[in-house]
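Below is one structure; the comments refer to it alone.
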Amino acid sequence: MTVKIVVDSSAGLPHHLAREHDIAVAQLHVMTGEDRSSTAGLSALELCAVYARQLERGGDDGVVALHVAKELSGTWSSGATAAAVFPDGAVLVADTGTTGMALGLAAVDAAERAAAGATVAECHEAAMDSLARTRTWVYVHRLDDLRRSGRITARTAMMSALATKPIMTLSSGAVELAAKTRTQAKALQRLGELAEEHAEGRPARVVVQEHAAREAAERLARQLRAKLPEGSLVTVQQLAHPLGVHLGPGAVGIAVRRAVEEPAD
């Protein structure tokens, strides 16, 4: 038996990766209204059922749960409440401070450690190390949906309004303005520069996520493949539906995980 990994659907983890690494995906709630869609986090009861099922499948070896940042959703709080039902240390709910494929990449790293026989604490450590090496940026075509969702402060909204094509980032769970650009082309160029800067000359794993902006995402991916160090891997996929609801059509995001630094000789 092995430790089991749980991630919520804000990660946008592709089905084939979830299956390959035996990662359970807990679906956040998306409600479609007449004017616009909205999202809701998972309840403690729902997550208790998810964790219990994974503990059963893993022979009680433990569960590591990776959820959207607690500053953005009540899901983390629900997870912490649900984890308290089980024996101490059986379910570790990570304080991720992020969302999107930063979670997905961390889940895969943790699952690979689990497959190698690591303990629940070691799998949690692997996930947190992955998160520490990963940054997320997103180009927002229009701020309307993000502003209405309440995921950005009034100050951030005012600052972002000065840029017709703002680039946002997640910092300790808060959505903040990272760069101001005036055109989509400039925004994509800046995203590429940010990825290159974060890689620090090391190979990087980059996931480009898009919501109704496939052509722009593919263009950014080509740019990244040409600029990042040899050994880097860049893929393109759709943005997780719960995130697309808040970011709106035209959004293009990147999750960039740089390689582990080689120890000095």
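A note on labels: chains of the structure tokens are A, B, ... as shown, every chain counts residues from 1, and ligands are counted from 1 in their shown order.
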
Spatial neighbours of A:Met101, 8 Å, only C-alpha atoms, chain gap at least 3 places, as a ChimeraX atom specification: /A:11-13,104-105,207,255

Per-residue DSSP, stretch 110-253 of chain A, filtered to helix (DSSP H, G or I), as a PyMOL selection string: chain A and resi 110-115+120-132+144-149+154-161+184-199+214-227+241-247

Separation of atom CA of A:Gly79 from atom CA of A:Glu20, in Å and rounded to one decimal: 24.3 Å

Of the listed residues A:Lys227, A:His29, A:His21, A:Arg53, that which approaches A:Glu200 most closely, counting only C-alpha atoms: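 Distance minimum relative to A:Glu200 lands on A:Lys227.
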
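Among the residues of stretch 28-108 of chain A, backbone DSSP assigns strand (DSSP E) to His29, Val30, Met31, Thr32, Ser37, Ser38, Thr39, Ala40, Val63, Val64, Ala65, Leu66, Val91, Leu92, Val93 and Ala94 of chain A.
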
Go ahead and write the selection's residues with N, CA, C and O atoms as a PDB file, in the first residue's frame.
```pdb
ATOM      1  N   HIS A  29     -17.346  23.056  -6.610  1.00  0.00           N
ATOM      2  CA  HIS A  29     -18.680  23.287  -7.150  1.00  0.00           C
ATOM      3  C   HIS A  29     -18.692  24.522  -8.052  1.00  0.00           C
ATOM      4  O   HIS A  29     -18.190  25.583  -7.671  1.00  0.00           O
ATOM      5  N   VAL A  30     -19.240  24.375  -9.240  1.00  0.00           N
ATOM      6  CA  VAL A  30     -19.407  25.493 -10.175  1.00  0.00           C
ATOM      7  C   VAL A  30     -20.892  25.636 -10.463  1.00  0.00           C
ATOM      8  O   VAL A  30     -21.539  24.702 -10.933  1.00  0.00           O
ATOM      9  N   MET A  31     -21.437  26.801 -10.131  1.00  0.00           N
ATOM     10  CA  MET A  31     -22.858  27.060 -10.346  1.00  0.00           C
ATOM     11  C   MET A  31     -23.035  28.025 -11.503  1.00  0.00           C
ATOM     12  O   MET A  31     -22.379  29.075 -11.546  1.00  0.00           O
ATOM     13  N   THR A  32     -23.896  27.684 -12.423  1.00  0.00           N
ATOM     14  CA  THR A  32     -24.149  28.519 -13.593  1.00  0.00           C
ATOM     15  C   THR A  32     -25.439  29.306 -13.393  1.00  0.00           C
ATOM     16  O   THR A  32     -26.517  28.739 -13.222  1.00  0.00           O
ATOM     17  N   SER A  37     -21.401  32.702 -13.927  1.00  0.00           N
ATOM     18  CA  SER A  37     -21.189  31.521 -13.100  1.00  0.00           C
ATOM     19  C   SER A  37     -20.465  31.908 -11.816  1.00  0.00           C
ATOM     20  O   SER A  37     -19.842  32.964 -11.720  1.00  0.00           O
ATOM     21  N   SER A  38     -20.549  31.039 -10.821  1.00  0.00           N
ATOM     22  CA  SER A  38     -19.844  31.248  -9.563  1.00  0.00           C
ATOM     23  C   SER A  38     -19.328  29.904  -9.068  1.00  0.00           C
ATOM     24  O   SER A  38     -19.679  28.851  -9.603  1.00  0.00           O
ATOM     25  N   THR A  39     -18.484  29.943  -8.056  1.00  0.00           N
ATOM     26  CA  THR A  39     -17.913  28.704  -7.521  1.00  0.00           C
ATOM     27  C   THR A  39     -18.146  28.625  -6.019  1.00  0.00           C
ATOM     28  O   THR A  39     -18.388  29.642  -5.353  1.00  0.00           O
ATOM     29  N   ALA A  40     -18.055  27.423  -5.493  1.00  0.00           N
ATOM     30  CA  ALA A  40     -18.156  27.199  -4.050  1.00  0.00           C
ATOM     31  C   ALA A  40     -17.186  26.099  -3.664  1.00  0.00           C
ATOM     32  O   ALA A  40     -16.975  25.141  -4.419  1.00  0.00           O
ATOM     33  N   VAL A  63      -2.710  10.230   3.839  1.00  0.00           N
ATOM     34  CA  VAL A  63      -3.184  11.052   2.728  1.00  0.00           C
ATOM     35  C   VAL A  63      -2.537  12.429   2.810  1.00  0.00           C
ATOM     36  O   VAL A  63      -2.444  13.014   3.897  1.00  0.00           O
ATOM     37  N   VAL A  64      -2.074  12.928   1.677  1.00  0.00           N
ATOM     38  CA  VAL A  64      -1.629  14.324   1.560  1.00  0.00           C
ATOM     39  C   VAL A  64      -2.638  15.041   0.672  1.00  0.00           C
ATOM     40  O   VAL A  64      -2.885  14.613  -0.459  1.00  0.00           O
ATOM     41  N   ALA A  65      -3.231  16.107   1.193  1.00  0.00           N
ATOM     42  CA  ALA A  65      -4.258  16.852   0.470  1.00  0.00           C
ATOM     43  C   ALA A  65      -3.733  18.230   0.078  1.00  0.00           C
ATOM     44  O   ALA A  65      -3.212  18.970   0.921  1.00  0.00           O
ATOM     45  N   LEU A  66      -3.868  18.553  -1.205  1.00  0.00           N
ATOM     46  CA  LEU A  66      -3.422  19.840  -1.746  1.00  0.00           C
ATOM     47  C   LEU A  66      -4.631  20.594  -2.271  1.00  0.00           C
ATOM     48  O   LEU A  66      -5.239  20.180  -3.252  1.00  0.00           O
ATOM     49  N   VAL A  91      -3.911  12.341   7.855  1.00  0.00           N
ATOM     50  CA  VAL A  91      -4.229  13.208   6.722  1.00  0.00           C
ATOM     51  C   VAL A  91      -3.529  14.546   6.921  1.00  0.00           C
ATOM     52  O   VAL A  91      -3.789  15.251   7.898  1.00  0.00           O
ATOM     53  N   LEU A  92      -2.614  14.881   6.023  1.00  0.00           N
ATOM     54  CA  LEU A  92      -1.902  16.156   6.091  1.00  0.00           C
ATOM     55  C   LEU A  92      -2.439  17.081   5.011  1.00  0.00           C
ATOM     56  O   LEU A  92      -2.342  16.772   3.814  1.00  0.00           O
ATOM     57  N   VAL A  93      -3.028  18.194   5.433  1.00  0.00           N
ATOM     58  CA  VAL A  93      -3.600  19.164   4.503  1.00  0.00           C
ATOM     59  C   VAL A  93      -2.593  20.297   4.341  1.00  0.00           C
ATOM     60  O   VAL A  93      -2.336  21.047   5.289  1.00  0.00           O
ATOM     61  N   ALA A  94      -2.018  20.408   3.162  1.00  0.00           N
ATOM     62  CA  ALA A  94      -0.953  21.389   2.923  1.00  0.00           C
ATOM     63  C   ALA A  94      -1.514  22.808   2.822  1.00  0.00           C
ATOM     64  O   ALA A  94      -2.574  23.029   2.249  1.00  0.00           O
TER      65      ALA A  94
END
```

Exercise: A:Thr99 partners within 10 Å, only C-alpha atoms, chain neighbours under 2 positions left out, as a list in words: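 Contacts, with the query itself left out: Asp8, Ser9, Ser10, Ala11, Gly12, Leu66, His67, Val68, Ala69, Lys70, Leu72, Thr96, Gly97, Met101, Ala102, Leu103, Gly104, Thr136, Leu170, Gly173, Ala240, Leu243 and Ala255 of chain A.
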
A:Met1 surroundings by only C-alpha atoms, 8 Å radius, close-in-sequence under 4 positions cut, as an MDAnalysis selection string: chainID A and resid 57:59 61

Contacts of A:Ala251 within 12 Å, only C-alpha atoms, excl. fewer than 2 positions in-chain, as a PyMOL selection string: chain A and resi 137-146+165-168+184+187-188+208-217+238-241+243-249+253-254

For A:Ala26: contacts at 9 Å, only C-alpha atoms, fewer than 3 positions along chain excluded, given as a PyMOL selection string: chain A and resi 6-9+42+46-47+50

Selection from above, N, CA, C and O atoms, as a PDB file, in the first residue's frame, can you write it?
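Ended up saving to part14.pdb:
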```pdb
ATOM      1  N   VAL A   6      -4.413  13.717  -2.716  1.00  0.00           N
ATOM      2  CA  VAL A   6      -5.684  14.333  -3.106  1.00  0.00           C
ATOM      3  C   VAL A   6      -5.414  15.773  -3.533  1.00  0.00           C
ATOM      4  O   VAL A   6      -4.649  16.491  -2.874  1.00  0.00           O
ATOM      5  N   VAL A   7      -6.034  16.178  -4.625  1.00  0.00           N
ATOM      6  CA  VAL A   7      -5.942  17.565  -5.080  1.00  0.00           C
ATOM      7  C   VAL A   7      -7.339  17.995  -5.487  1.00  0.00           C
ATOM      8  O   VAL A   7      -8.165  17.157  -5.861  1.00  0.00           O
ATOM      9  N   ASP A   8      -7.647  19.270  -5.382  1.00  0.00           N
ATOM     10  CA  ASP A   8      -8.972  19.688  -5.830  1.00  0.00           C
ATOM     11  C   ASP A   8      -8.916  20.161  -7.281  1.00  0.00           C
ATOM     12  O   ASP A   8      -7.847  20.339  -7.867  1.00  0.00           O
ATOM     13  N   SER A   9     -10.088  20.351  -7.869  1.00  0.00           N
ATOM     14  CA  SER A   9     -10.165  20.607  -9.309  1.00  0.00           C
ATOM     15  C   SER A   9      -9.673  21.984  -9.715  1.00  0.00           C
ATOM     16  O   SER A   9      -9.554  22.263 -10.910  1.00  0.00           O
ATOM     17  N   LEU A  42     -15.482  23.016  -1.221  1.00  0.00           N
ATOM     18  CA  LEU A  42     -15.973  21.739  -0.724  1.00  0.00           C
ATOM     19  C   LEU A  42     -16.208  21.814   0.779  1.00  0.00           C
ATOM     20  O   LEU A  42     -15.484  22.506   1.504  1.00  0.00           O
ATOM     21  N   GLU A  46     -17.853  16.549   2.736  1.00  0.00           N
ATOM     22  CA  GLU A  46     -17.444  16.029   1.425  1.00  0.00           C
ATOM     23  C   GLU A  46     -15.986  15.582   1.439  1.00  0.00           C
ATOM     24  O   GLU A  46     -15.637  14.509   0.931  1.00  0.00           O
ATOM     25  N   LEU A  47     -15.123  16.398   2.041  1.00  0.00           N
ATOM     26  CA  LEU A  47     -13.705  16.056   2.062  1.00  0.00           C
ATOM     27  C   LEU A  47     -13.417  14.898   3.018  1.00  0.00           C
ATOM     28  O   LEU A  47     -12.519  14.089   2.757  1.00  0.00           O
ATOM     29  N   VAL A  50     -13.907  11.915   0.972  1.00  0.00           N
ATOM     30  CA  VAL A  50     -12.799  11.734   0.021  1.00  0.00           C
ATOM     31  C   VAL A  50     -11.580  11.152   0.739  1.00  0.00           C
ATOM     32  O   VAL A  50     -10.956  10.187   0.272  1.00  0.00           O
TER      33      VAL A  50
END
```

Distance criterion (only C-alpha atoms): nearest to A:Gly231 out of A:Arg257, A:Pro203, A:Glu218, A:Pro87: A:Pro203

Selection near A:Gln189, 12 Å with only C-alpha atoms, sequence-local residues under 6 positions removed, as an MDAnalysis selection string: chainID A and resid 139 167 179:183 195:196 216:217 219:224 227 252

Option closest in space to A:Leu233, from A:Val256, A:Gly250, A:Tyr51, A:Ile23 [counting only C-alpha atoms]: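 Closest candidate: A:Val256.
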